[in-house]
file target_19.cif (mmCIF, C-alpha atoms)
data_start
#
loop_
_atom_site.label_atom_id
_atom_site.label_comp_id
_atom_site.auth_asym_id
_atom_site.auth_seq_id
_atom_site.Cartn_x
_atom_site.Cartn_y
_atom_site.Cartn_z
CA MET A 12 71.70 -68.07 114.47
CA HIS A 13 71.61 -65.40 111.75
CA ILE A 14 68.51 -66.99 110.20
CA THR A 15 66.79 -67.16 113.58
CA GLN A 16 67.49 -63.49 114.31
CA LYS A 17 66.25 -62.49 110.85
CA LEU A 18 63.01 -64.38 111.50
CA ASN A 19 62.66 -62.67 114.88
CA ASP A 20 63.24 -59.26 113.27
CA ASN A 21 60.56 -59.98 110.67
CA ASN A 22 58.16 -60.97 113.45
CA LEU A 23 58.81 -57.73 115.32
CA LYS A 24 58.45 -55.62 112.17
CA THR A 25 55.10 -57.29 111.51
CA MET A 26 53.99 -56.61 115.09
CA LEU A 27 54.95 -52.94 114.71
CA VAL A 28 52.83 -52.63 111.57
CA SER A 29 49.92 -54.32 113.32
CA ASP A 30 50.39 -52.07 116.36
CA PHE A 31 50.44 -48.99 114.09
CA ILE A 32 47.10 -49.95 112.54
CA SER A 33 45.57 -50.94 115.87
CA SER A 34 46.73 -47.69 117.50
CA PHE A 35 44.90 -45.71 114.83
CA GLY A 36 41.74 -47.57 115.80
CA SER A 37 42.31 -46.88 119.49
CA VAL A 38 42.73 -43.12 118.95
CA PHE A 39 39.63 -43.01 116.74
CA LEU A 40 37.60 -45.01 119.26
CA THR A 41 38.64 -43.09 122.39
CA THR A 42 37.81 -39.67 120.93
CA THR A 43 34.58 -40.82 119.26
CA PHE A 44 33.41 -42.69 122.34
CA MET A 45 34.07 -39.79 124.73
CA LEU A 46 32.20 -37.36 122.49
CA ALA A 47 29.28 -39.77 122.12
CA LEU A 48 29.19 -40.38 125.88
CA TYR A 49 29.14 -36.65 126.56
CA GLN A 50 26.28 -36.20 124.08
CA GLN A 51 24.38 -39.03 125.82
CA THR A 52 24.89 -37.85 129.41
CA GLY A 53 25.56 -34.13 129.04
CA SER A 54 28.21 -34.48 131.77
CA LEU A 55 31.99 -34.90 131.83
CA LEU A 56 31.82 -36.57 135.26
CA THR A 57 30.83 -39.95 133.83
CA ALA A 58 33.77 -40.00 131.43
CA SER A 59 36.19 -38.86 134.16
CA TRP A 60 35.50 -42.05 136.14
CA ILE A 61 36.56 -44.37 133.30
CA PRO A 62 40.36 -44.15 133.80
CA PHE A 63 39.98 -44.71 137.55
CA ILE A 64 37.69 -47.73 137.19
CA THR A 65 39.92 -49.18 134.46
CA MET A 66 42.99 -48.76 136.66
CA LEU A 67 41.32 -50.57 139.58
CA ILE A 68 40.27 -53.47 137.36
CA ASN A 69 43.72 -53.76 135.81
CA THR A 70 45.40 -53.67 139.23
CA PHE A 71 43.13 -56.44 140.51
CA PHE A 72 43.84 -58.70 137.52
CA THR A 73 47.58 -57.97 137.20
CA PRO A 74 48.66 -60.89 139.47
CA ILE A 75 46.40 -63.23 137.48
CA ILE A 76 47.80 -62.06 134.12
CA GLY A 77 51.34 -62.36 135.44
CA ASN A 78 50.90 -66.01 136.44
CA LEU A 79 48.45 -67.06 133.72
CA HIS A 80 49.51 -70.22 131.90
CA VAL A 81 48.50 -69.81 128.25
CA LYS A 82 48.77 -72.82 125.96
CA ILE A 83 47.96 -71.19 122.61
CA THR A 84 50.58 -69.47 120.45
CA PHE A 85 51.29 -65.75 120.53
CA ARG A 86 49.88 -65.43 117.01
CA LYS A 87 46.51 -66.91 118.01
CA LEU A 88 46.46 -64.85 121.20
CA PHE A 89 47.11 -61.54 119.43
CA ILE A 90 44.59 -62.30 116.67
CA LEU A 91 41.92 -63.19 119.24
CA GLY A 92 42.62 -59.92 121.05
CA GLU A 93 42.16 -57.82 117.89
CA LEU A 94 39.01 -59.75 116.96
CA ALA A 95 37.62 -59.21 120.47
CA ALA A 96 38.29 -55.47 120.15
CA ALA A 97 36.51 -55.37 116.78
CA SER A 98 33.54 -57.23 118.31
CA PHE A 99 33.27 -54.80 121.23
CA VAL A 100 33.38 -51.82 118.85
CA TYR A 101 30.63 -53.34 116.72
CA LEU A 102 28.49 -53.86 119.83
CA LEU A 103 29.01 -50.20 120.75
CA THR A 104 27.20 -49.27 117.53
CA ARG A 105 24.22 -51.41 118.58
CA THR A 106 23.44 -49.95 121.98
CA GLN A 107 22.44 -46.57 123.38
CA HIS A 108 22.31 -47.61 127.05
CA VAL A 109 24.95 -45.65 128.97
CA VAL A 110 25.79 -48.42 131.47
CA LEU A 111 26.22 -50.97 128.69
CA LEU A 112 28.34 -48.51 126.69
CA LEU A 113 30.62 -48.02 129.68
CA PHE A 114 30.85 -51.76 130.33
CA LEU A 115 31.84 -52.52 126.73
CA TYR A 116 34.41 -49.72 126.62
CA ILE A 117 36.04 -50.74 129.91
CA LEU A 118 36.10 -54.36 128.73
CA TYR A 119 37.74 -53.20 125.50
CA ARG A 120 40.41 -51.32 127.50
CA PHE A 121 41.04 -54.42 129.61
CA VAL A 122 41.60 -56.57 126.51
CA PHE A 123 44.37 -54.26 125.34
CA PHE A 124 45.87 -54.15 128.83
CA VAL A 125 46.22 -57.94 128.68
CA LEU A 126 47.57 -57.83 125.13
CA GLU A 127 50.23 -55.26 126.09
CA ALA A 128 51.54 -57.57 128.83
CA PHE A 129 51.87 -60.46 126.38
CA ARG A 130 53.36 -58.19 123.71
CA ALA A 131 56.08 -57.25 126.21
CA GLU A 132 56.87 -60.92 126.70
CA TYR A 133 56.89 -61.48 122.92
CA LEU A 134 59.27 -58.55 122.43
CA LYS A 135 61.73 -59.88 125.01
CA MET A 136 61.52 -63.39 123.53
CA ASN A 137 62.37 -62.15 120.02
CA THR A 138 65.02 -59.58 120.89
CA GLU A 139 68.72 -59.86 121.63
CA PRO A 140 69.80 -57.79 124.67
CA THR A 141 71.81 -55.48 122.41
CA GLU A 142 68.76 -54.82 120.22
CA ILE A 143 66.21 -53.93 122.90
CA HIS A 144 66.93 -50.18 122.56
CA LYS A 145 66.15 -50.35 118.85
CA TRP A 146 62.79 -52.09 119.14
CA GLN A 147 61.55 -50.35 122.28
CA SER A 148 62.37 -46.93 120.81
CA LEU A 149 60.58 -47.85 117.56
CA SER A 150 57.53 -48.88 119.56
CA GLN A 151 57.65 -45.59 121.47
CA MET A 152 57.90 -43.64 118.22
CA VAL A 153 54.86 -45.44 116.80
CA ASN A 154 52.83 -44.79 119.97
CA SER A 155 53.81 -41.10 119.94
CA PHE A 156 53.41 -40.48 116.22
CA VAL A 157 50.04 -42.16 115.68
CA PRO A 158 47.95 -39.75 117.83
CA VAL A 159 49.31 -36.76 115.90
CA ILE A 160 48.21 -38.15 112.53
CA ALA A 161 45.12 -40.01 113.76
CA ASN A 162 43.55 -36.93 115.35
CA LEU A 163 44.06 -34.93 112.14
CA VAL A 164 42.41 -37.70 110.11
CA LEU A 165 39.62 -38.01 112.67
CA ALA A 166 38.93 -34.26 112.53
CA PHE A 167 38.31 -34.66 108.79
CA LEU A 168 36.17 -37.79 109.25
CA PHE A 169 33.92 -35.97 111.73
CA THR A 170 33.03 -33.50 108.96
CA GLN A 171 32.07 -36.31 106.57
CA LEU A 172 30.64 -39.19 108.61
CA LYS A 173 28.44 -39.97 111.58
CA SER A 174 29.95 -41.42 114.76
CA THR A 175 28.48 -44.85 114.01
CA HIS A 176 30.23 -44.97 110.63
CA ILE A 177 33.53 -43.99 112.25
CA LEU A 178 33.11 -46.89 114.68
CA TYR A 179 32.68 -49.23 111.71
CA ILE A 180 36.02 -47.94 110.40
CA VAL A 181 37.56 -48.64 113.82
CA ALA A 182 36.27 -52.22 113.76
CA GLY A 183 37.71 -52.59 110.27
CA LEU A 184 41.13 -51.35 111.47
CA TYR A 185 41.19 -54.00 114.20
CA LEU A 186 40.29 -56.69 111.66
CA LEU A 187 43.10 -55.45 109.42
CA ALA A 188 45.53 -55.54 112.36
CA ALA A 189 44.48 -59.15 113.03
CA ALA A 190 45.10 -60.03 109.38
CA VAL A 191 48.61 -58.54 109.54
CA ILE A 192 49.42 -60.69 112.59
CA LEU A 193 48.85 -63.78 110.45
CA ARG A 194 52.32 -63.10 109.02
CA ILE A 195 54.21 -63.78 112.28
CA ASP A 196 55.35 -67.34 113.00
CA GLY A 197 52.81 -69.60 114.65
CA ILE A 198 55.26 -71.52 116.82
CA LYS A 199 56.23 -69.42 119.84
CA ARG A 200 54.10 -69.68 122.96
CA PRO A 201 54.05 -67.65 126.19
CA VAL A 202 56.49 -68.87 128.84
CA GLU A 203 55.07 -70.19 132.08
CA GLN A 204 55.61 -67.37 134.56
CA THR A 205 57.23 -68.20 137.89
CA GLY A 206 57.25 -66.63 141.31
CA PRO A 207 55.01 -66.73 144.38
CA PRO A 208 51.38 -65.59 144.01
CA GLN A 209 50.86 -61.91 144.77
CA LYS A 210 47.90 -59.88 145.93
CA PRO A 211 46.92 -56.60 144.20
CA TRP A 212 47.79 -54.56 147.31
CA THR A 213 51.30 -56.09 147.59
CA LEU A 214 52.30 -55.78 143.92
CA PHE A 215 54.60 -52.81 144.34
CA LYS A 216 56.40 -53.73 147.54
CA THR A 217 60.17 -53.68 147.09
CA THR A 218 60.38 -57.32 148.18
CA ASN A 219 57.93 -58.34 145.42
CA SER A 220 59.37 -56.33 142.55
CA PRO A 221 62.95 -55.75 141.40
CA ASN A 222 61.66 -52.66 139.57
CA ALA A 223 60.02 -50.88 142.51
CA THR A 224 62.34 -47.85 142.24
CA ILE A 225 61.63 -47.53 138.51
CA PHE A 226 57.88 -47.69 139.14
CA PHE A 227 58.17 -44.89 141.72
CA HIS A 228 60.14 -42.68 139.34
CA VAL A 229 57.74 -43.34 136.44
CA PHE A 230 54.74 -42.53 138.65
CA CYS A 231 56.30 -39.21 139.69
CA ILE A 232 57.28 -38.24 136.14
CA ILE A 233 53.86 -38.97 134.64
CA PHE A 234 52.02 -37.41 137.60
CA LEU A 235 54.04 -34.19 137.34
CA GLY A 236 53.84 -34.19 133.53
CA SER A 237 50.05 -34.59 133.57
CA MET A 238 49.81 -31.87 136.19
CA ALA A 239 51.84 -29.53 133.96
CA SER A 240 49.74 -30.42 130.92
CA LEU A 241 46.47 -29.46 132.63
CA ALA A 242 47.96 -26.28 134.08
CA THR A 243 49.20 -25.36 130.60
CA LEU A 244 45.63 -25.49 129.29
CA SER A 245 44.65 -22.86 131.85
CA TYR A 246 47.79 -20.82 131.11
CA VAL A 247 47.18 -20.81 127.35
CA VAL A 248 43.45 -20.08 127.48
CA ASP A 249 43.12 -17.85 130.57
CA TYR A 250 46.48 -16.07 130.74
CA LEU A 251 47.65 -15.90 127.10
CA LYS A 252 44.04 -15.55 125.87
CA GLN A 253 44.61 -18.14 123.14
CA THR A 254 41.98 -20.54 121.77
CA ASP A 255 41.50 -24.24 122.47
CA ALA A 256 43.04 -24.85 119.04
CA ALA A 257 46.29 -23.27 120.30
CA TYR A 258 46.39 -25.75 123.18
CA SER A 259 45.75 -28.57 120.72
CA LEU A 260 48.71 -27.35 118.67
CA LEU A 261 50.89 -27.40 121.79
CA MET A 262 49.93 -31.01 122.50
CA SER A 263 50.67 -31.95 118.88
CA VAL A 264 54.10 -30.31 119.12
CA MET A 265 54.78 -32.20 122.34
CA ALA A 266 53.72 -35.47 120.64
CA LEU A 267 56.11 -34.65 117.80
CA GLY A 268 58.82 -34.17 120.40
CA ALA A 269 57.96 -37.54 121.91
CA THR A 270 58.44 -39.12 118.47
CA LEU A 271 61.85 -37.47 118.15
CA GLY A 272 62.68 -38.70 121.66
CA GLY A 273 62.61 -42.26 120.31
CA LEU A 274 65.48 -41.34 117.99
CA VAL A 275 67.53 -40.18 120.97
CA VAL A 276 67.19 -43.55 122.66
CA ARG A 277 68.10 -45.37 119.42
CA SER A 278 71.39 -43.50 119.03
CA ASP A 279 74.35 -45.87 119.50
CA ARG A 280 76.40 -43.02 120.96
CA LEU A 281 73.80 -42.11 123.56
CA LYS A 282 72.35 -45.47 124.63
CA ALA A 283 75.52 -46.34 126.57
CA HIS A 284 74.81 -43.28 128.73
CA ALA A 285 71.03 -43.71 128.89
CA GLN A 286 70.83 -43.66 132.69
CA GLN A 287 72.81 -40.43 133.02
CA ILE A 288 70.81 -38.81 130.21
CA SER A 289 67.56 -39.85 131.89
CA THR A 290 68.65 -38.32 135.19
CA ILE A 291 69.76 -35.07 133.54
CA GLY A 292 66.50 -35.09 131.57
CA VAL A 293 64.51 -34.97 134.81
CA LEU A 294 66.47 -31.87 135.85
CA CYS A 295 65.90 -30.27 132.43
CA MET A 296 62.15 -30.88 132.68
CA GLY A 297 62.15 -29.09 136.02
CA LEU A 298 64.11 -26.13 134.67
CA LEU A 299 61.88 -25.84 131.60
CA LEU A 300 58.76 -25.68 133.77
CA LEU A 301 60.38 -23.18 136.14
CA SER A 302 60.97 -20.90 133.15
CA VAL A 303 57.23 -20.16 133.20
CA VAL A 304 57.95 -17.59 135.93
CA PHE A 305 59.17 -15.39 133.04
CA LYS A 306 55.66 -15.68 131.54
CA PRO A 307 56.69 -16.89 128.06
CA GLY A 308 54.54 -16.15 125.03
CA PHE A 309 52.90 -18.80 122.91
CA GLU A 310 55.78 -19.11 120.42
CA VAL A 311 58.31 -19.70 123.21
CA LEU A 312 55.90 -22.17 124.80
CA LEU A 313 55.92 -24.19 121.56
CA GLY A 314 59.69 -24.57 121.84
CA ILE A 315 59.47 -25.53 125.52
CA PHE A 316 56.91 -28.23 124.78
CA LEU A 317 58.87 -29.61 121.84
CA ILE A 318 61.93 -30.06 124.06
CA SER A 319 59.77 -31.40 126.91
CA GLY A 320 58.29 -34.01 124.57
CA ILE A 321 61.75 -35.18 123.50
CA ILE A 322 63.01 -35.42 127.08
CA SER A 323 59.92 -37.11 128.60
CA SER A 324 59.81 -39.68 125.79
CA ALA A 325 63.51 -40.49 126.21
CA ILE A 326 63.10 -40.88 129.99
CA THR A 327 60.06 -43.19 129.91
CA THR A 328 61.57 -45.26 127.11
CA TYR A 329 64.77 -45.65 129.10
CA TYR A 330 62.81 -46.93 132.10
CA ALA A 331 60.89 -49.43 129.95
CA ILE A 332 64.18 -50.68 128.50
CA ALA A 333 65.66 -51.00 132.00
CA ILE A 334 62.74 -53.24 133.02
CA TYR A 335 63.27 -55.43 129.95
CA GLN A 336 66.98 -55.75 130.68
CA GLN A 337 66.83 -56.57 134.39
CA THR A 338 63.71 -58.76 134.42
CA PRO A 339 63.92 -62.47 133.53
CA MET A 340 61.63 -63.92 130.87
CA GLU A 341 59.64 -65.77 133.55
CA SER A 342 58.56 -62.47 135.19
CA ILE A 343 58.47 -59.96 132.32
CA ARG A 344 54.72 -60.20 131.73
CA LEU A 345 53.90 -59.39 135.37
CA GLU A 346 56.45 -56.55 135.59
CA MET A 347 55.26 -54.88 132.38
CA ALA A 348 51.64 -55.22 133.51
CA LYS A 349 52.69 -53.38 136.69
CA PHE A 350 54.37 -50.74 134.52
CA SER A 351 51.09 -50.17 132.67
CA VAL A 352 49.14 -49.90 135.94
CA VAL A 353 51.63 -47.35 137.28
CA THR A 354 51.28 -45.13 134.19
CA GLN A 355 47.48 -45.36 134.37
CA ALA A 356 47.42 -44.59 138.10
CA ALA A 357 49.76 -41.61 137.75
CA SER A 358 47.65 -40.03 135.02
CA GLY A 359 44.35 -40.94 136.73
CA PHE A 360 45.30 -39.42 140.10
CA SER A 361 47.05 -36.41 138.60
CA GLN A 362 44.12 -35.03 136.62
CA PRO A 363 41.64 -34.41 139.47
CA PHE A 364 44.45 -33.18 141.77
CA SER A 365 45.84 -30.87 139.09
CA GLY A 366 42.41 -29.44 138.28
CA GLY A 367 41.75 -28.53 141.90
CA PHE A 368 45.29 -27.30 142.59
CA THR A 369 45.45 -25.14 139.45
CA GLY A 370 42.04 -23.67 140.26
CA ILE A 371 43.30 -22.60 143.70
CA VAL A 372 46.81 -21.28 142.96
CA GLY A 373 46.58 -20.43 139.27
CA PRO A 374 48.38 -21.90 136.24
CA ILE A 375 51.79 -20.22 136.73
CA ILE A 376 52.26 -21.44 140.31
CA ALA A 377 50.94 -24.88 139.32
CA LEU A 378 53.51 -25.13 136.48
CA VAL A 379 56.31 -23.92 138.76
CA SER A 380 55.24 -26.50 141.36
CA SER A 381 55.55 -29.22 138.73
CA GLY A 382 59.03 -27.93 137.94
CA VAL A 383 60.00 -28.04 141.61
CA GLY A 384 58.69 -31.62 141.76
CA PHE A 385 60.96 -32.64 138.87
CA ILE A 386 63.98 -31.02 140.54
CA LEU A 387 63.26 -32.79 143.84
CA LEU A 388 63.04 -36.08 141.94
CA PHE A 389 66.39 -35.31 140.30
CA ILE A 390 67.94 -34.71 143.74
CA LYS A 391 66.52 -38.02 145.00
CA GLN A 392 67.98 -39.85 142.00
CA LYS A 393 71.41 -38.31 142.58
CA LEU A 394 71.39 -39.16 146.28
CA SER A 395 70.20 -42.76 145.84
#
call {"tool": "encode", "arguments": {"input": "target_19.cif", "output": "structure tokens"}}
result
Amino acid sequence: MHITQKLNDNNLKTMLVSDFISSFGSVFLTTTFMLALYQQTGSLLTASWIPFITMLINTFFTPIIGNLHVKITFRKLFILGELAAASFVYLLTRTQHVVLLLFLYILYRFVFFVLEAFRAEYLKMNTEPTEIHKWQSLSQMVNSFVPVIANLVLAFLFTQLKSTHILYIVAGLYLLAAAVILRIDGIKRPVEQTGPPQKPWTLFKTTNSPNATIFFHVFCIIFLGSMASLATLSYVVDYLKQTDAAYSLLMSVMALGATLGGLVVRSDRLKAHAQQISTIGVLCMGLLLLSVVFKPGFEVLLGIFLISGIISSAITTYYAIAIYQQTPMESIRLEMAKFSVVTQAASGFSQPFSGGFTGIVGPIIALVSSGVGFILLFIKQKLS
């Protein structure tokens, strides 16, 4: 048993390293692609449709992914996914047609959506129930930490290289991630998923998902958080008269907080009280946003966003862990695919709503409204 667990731990460590490398590529690609698309079209409208279209496609294919019977091993599946991503990136360097660029990028996003669902299954298969906090928090820390470093590196690369050359680096990162995956064992295969077939429009009914309440809470938290993020941009630039660089610093501080939030979830003392901490965290988020009525300066805002990053990371990680713990192996792929769709939908719907709402009422009222939303969610959680 000890030998088996050690092998599983080595597999998960290898997957984390691969995910770290691959995440660097994803950050590089997203920023480079969006800038290139804007230069091609001269409009932000085209780029703004990408998250919405991607979310619709992912929602449509979620039931298929959840019930897909895959006969190859996880190792082959993950390697094929990274190689496909590298191929799509290479093709991006060979075309200037906007429609084809969009098609390739959306296809690339879909590949990683599928991979994330299978990675969730692989994590559950290789993890003891008592260890899920450790590995899920490590994964959260990687996903939060990488954008901070990757964007700094990318800012330097933009001063030295053309966009095409950066895309070659991205393709190389995906190839390196595929090479790292060669180190995991080549035995384990995806489990045949069970359960009645579902339609995209019935995925989130309570009768079809044991995690429907979690999905609702996650949607609200990400929607309100995205709304606050956009309103903060207006607050920093228009009210505090700071530069775009100041807003970028705020987002970096929040990402740093999100990385620290993973440590909170890992704590042996705190994980036994994760649900209570998550609920209190929602209240704290609301109170932090309500503090904007005092019109804090930029330095105070840095502290608020650091704490917000820690709390929001701890909350979302707790919910992901809860799904792992209460979902059987035969359904985990479908439930985690739903989780991804919920996060995409919350962010996708929040941005256009937040932009219009902030433009009408102003950044301070928009931030306070987000705070009120968090407090109402806290009350719902306490009453349910």
call {"tool": "axis_aligned_box", "arguments": {"input": "target_19.cif", "around": "range 306-321 of chain A", "padding_each_side": "3 Å", "output": "lines of an AutoDock Vina configuration file"}}
result
center_x = 57.4
center_y = -25.4
center_z = 126.0
size_x = 15.0
size_y = 25.5
size_z = 17.1
call {"tool": "resolve_selection", "arguments": {"input": "target_19.cif", "expression": "the PyMOL selection byres ((chain A and resi 323) around 9)", "output": "compact mmCIF listing (two decimals) with C-alpha atoms, in the coordinates of the input"}}
result
# COMPACT_ATOMS: atom_id res chain seq x y z
CA ILE A 232 57.28 -38.24 136.14
CA ILE A 233 53.86 -38.97 134.64
CA GLY A 236 53.84 -34.19 133.53
CA GLY A 268 58.82 -34.17 120.40
CA ALA A 269 57.96 -37.54 121.91
CA GLY A 272 62.68 -38.70 121.66
CA SER A 289 67.56 -39.85 131.89
CA GLY A 292 66.50 -35.09 131.57
CA VAL A 293 64.51 -34.97 134.81
CA MET A 296 62.15 -30.88 132.68
CA ILE A 318 61.93 -30.06 124.06
CA SER A 319 59.77 -31.40 126.91
CA GLY A 320 58.29 -34.01 124.57
CA ILE A 321 61.75 -35.18 123.50
CA ILE A 322 63.01 -35.42 127.08
CA SER A 324 59.81 -39.68 125.79
CA ALA A 325 63.51 -40.49 126.21
CA ILE A 326 63.10 -40.88 129.99
CA THR A 327 60.06 -43.19 129.91
CA THR A 328 61.57 -45.26 127.11
call {"tool": "atom_distance", "arguments": {"input": "target_19.cif", "atom1": "CA of Val28 in chain A", "atom2": "CA of Arg120 in chain A"}}
result
20.2 Å
call {"tool": "resolve_selection", "arguments": {"input": "target_19.cif", "expression": "the PyMOL selection byres ((chain A and resi 270) around 10)", "output": "CSV table (one decimal) with C-alpha atoms, in the frame of the given file"}}
result
chain,number,residue,atom,x,y,z
A,148,SER,CA,62.4,-46.9,120.8
A,149,LEU,CA,60.6,-47.8,117.6
A,150,SER,CA,57.5,-48.9,119.6
A,151,GLN,CA,57.6,-45.6,121.5
A,152,MET,CA,57.9,-43.6,118.2
A,153,VAL,CA,54.9,-45.4,116.8
A,154,ASN,CA,52.8,-44.8,120.0
A,155,SER,CA,53.8,-41.1,119.9
A,156,PHE,CA,53.4,-40.5,116.2
A,157,VAL,CA,50.0,-42.2,115.7
A,159,VAL,CA,49.3,-36.8,115.9
A,264,VAL,CA,54.1,-30.3,119.1
A,265,MET,CA,54.8,-32.2,122.3
A,266,ALA,CA,53.7,-35.5,120.6
A,267,LEU,CA,56.1,-34.6,117.8
A,268,GLY,CA,58.8,-34.2,120.4
A,269,ALA,CA,58.0,-37.5,121.9
A,271,LEU,CA,61.8,-37.5,118.2
A,272,GLY,CA,62.7,-38.7,121.7
A,273,GLY,CA,62.6,-42.3,120.3
A,274,LEU,CA,65.5,-41.3,118.0
A,275,VAL,CA,67.5,-40.2,121.0
A,320,GLY,CA,58.3,-34.0,124.6
A,321,ILE,CA,61.8,-35.2,123.5
A,324,SER,CA,59.8,-39.7,125.8
A,325,ALA,CA,63.5,-40.5,126.2
call {"tool": "atom_distance", "arguments": {"input": "target_19.cif", "atom1": "CA of Ser237 in chain A", "atom2": "CA of Pro62 in chain A"}}
result
13.6 Å
call {"tool": "closest_residue", "arguments": {"input": "target_19.cif", "among": "A:Leu251, A:Leu88, A:Val109, A:Leu163", "to": "Ile198 in chain A", "atoms": "only C-alpha atoms"}}
result
A:Leu88
call {"tool": "atom_distance", "arguments": {"input": "target_19.cif", "atom1": "CA of Leu298 in chain A", "atom2": "CA of Leu244 in chain A"}}
result
19.3 Å
call {"tool": "resolve_selection", "arguments": {"input": "target_19.cif", "expression": "the PyMOL selection byres ((chain A and resi 40-51) around 10)", "output": "MDAnalysis selection string"}}
result
chainID A and resid 34:39 52:59 100 103 107:109 112:113 116 120 162 165 169 173:175 177:182
call {"tool": "residues_around", "arguments": {"input": "target_19.cif", "residues": "range 354-361 of chain A", "least_positions_apart": "6", "cutoff": "8 Å", "atoms": "only C-alpha atoms", "output": "ChimeraX atom specification"}}
result
/A:62-63,66,229-231,233-235,237-238
call {"tool": "closest_residue", "arguments": {"input": "target_19.cif", "among": "A:Thr141, A:Leu102, A:Arg200, A:Leu27", "to": "Arg86 in chain A", "atoms": "only C-alpha atoms"}}
result
A:Arg200
call {"tool": "residues_near_point", "arguments": {"input": "target_19.cif", "point": "(60.6, -58.4, 117.0)", "cutoff": "10 Å", "atoms": "all atoms listed in the file", "output": "mmCIF file with C-alpha atoms, in the frame of the given file"}}
result
data_model
loop_
_atom_site.group_PDB
_atom_site.id
_atom_site.type_symbol
_atom_site.label_atom_id
_atom_site.label_comp_id
_atom_site.auth_asym_id
_atom_site.auth_seq_id
_atom_site.Cartn_x
_atom_site.Cartn_y
_atom_site.Cartn_z
ATOM 1 C CA GLN A 16 67.490 -63.490 114.310
ATOM 2 C CA LYS A 17 66.250 -62.490 110.850
ATOM 3 C CA LEU A 18 63.010 -64.380 111.500
ATOM 4 C CA ASN A 19 62.660 -62.670 114.880
ATOM 5 C CA ASP A 20 63.240 -59.260 113.270
ATOM 6 C CA ASN A 21 60.560 -59.980 110.670
ATOM 7 C CA ASN A 22 58.160 -60.970 113.450
ATOM 8 C CA LEU A 23 58.810 -57.730 115.320
ATOM 9 C CA LYS A 24 58.450 -55.620 112.170
ATOM 10 C CA THR A 25 55.100 -57.290 111.510
ATOM 11 C CA MET A 26 53.990 -56.610 115.090
ATOM 12 C CA LEU A 27 54.950 -52.940 114.710
ATOM 13 C CA ARG A 130 53.360 -58.190 123.710
ATOM 14 C CA TYR A 133 56.890 -61.480 122.920
ATOM 15 C CA LEU A 134 59.270 -58.550 122.430
ATOM 16 C CA LYS A 135 61.730 -59.880 125.010
ATOM 17 C CA MET A 136 61.520 -63.390 123.530
ATOM 18 C CA ASN A 137 62.370 -62.150 120.020
ATOM 19 C CA THR A 138 65.020 -59.580 120.890
ATOM 20 C CA GLU A 139 68.720 -59.860 121.630
ATOM 21 C CA GLU A 142 68.760 -54.820 120.220
ATOM 22 C CA ILE A 143 66.210 -53.930 122.900
ATOM 23 C CA LYS A 145 66.150 -50.350 118.850
ATOM 24 C CA TRP A 146 62.790 -52.090 119.140
ATOM 25 C CA GLN A 147 61.550 -50.350 122.280
ATOM 26 C CA ILE A 195 54.210 -63.780 112.280
#
call {"tool": "residues_around", "arguments": {"input": "target_19.cif", "residues": "Gly77 in chain A", "least_positions_apart": "6", "cutoff": "8 Å", "atoms": "only C-alpha atoms", "output": "PyMOL selection string"}}
result
chain A and resi 204+342+344-346+348
call {"tool": "residues_around", "arguments": {"input": "target_19.cif", "residues": "Thr243 in chain A", "least_positions_apart": "3", "cutoff": "9 Å", "atoms": "only C-alpha atoms", "output": "VMD selection string"}}
result
chain A and resid 238 to 240 246 to 248 258 374 to 375 377 to 378
call {"tool": "closest_residue", "arguments": {"input": "target_19.cif", "among": "A:Leu260, A:Ile192, A:Met347, A:Leu67", "to": "Thr84 in chain A", "atoms": "all atoms listed in the file"}}
result
A:Ile192
call {"tool": "closest_residue", "arguments": {"input": "target_19.cif", "among": "A:Trp60, A:Ile117, A:Phe123, A:Gly308", "to": "Gln253 in chain A", "atoms": "all atoms listed in the file"}}
result
A:Gly308
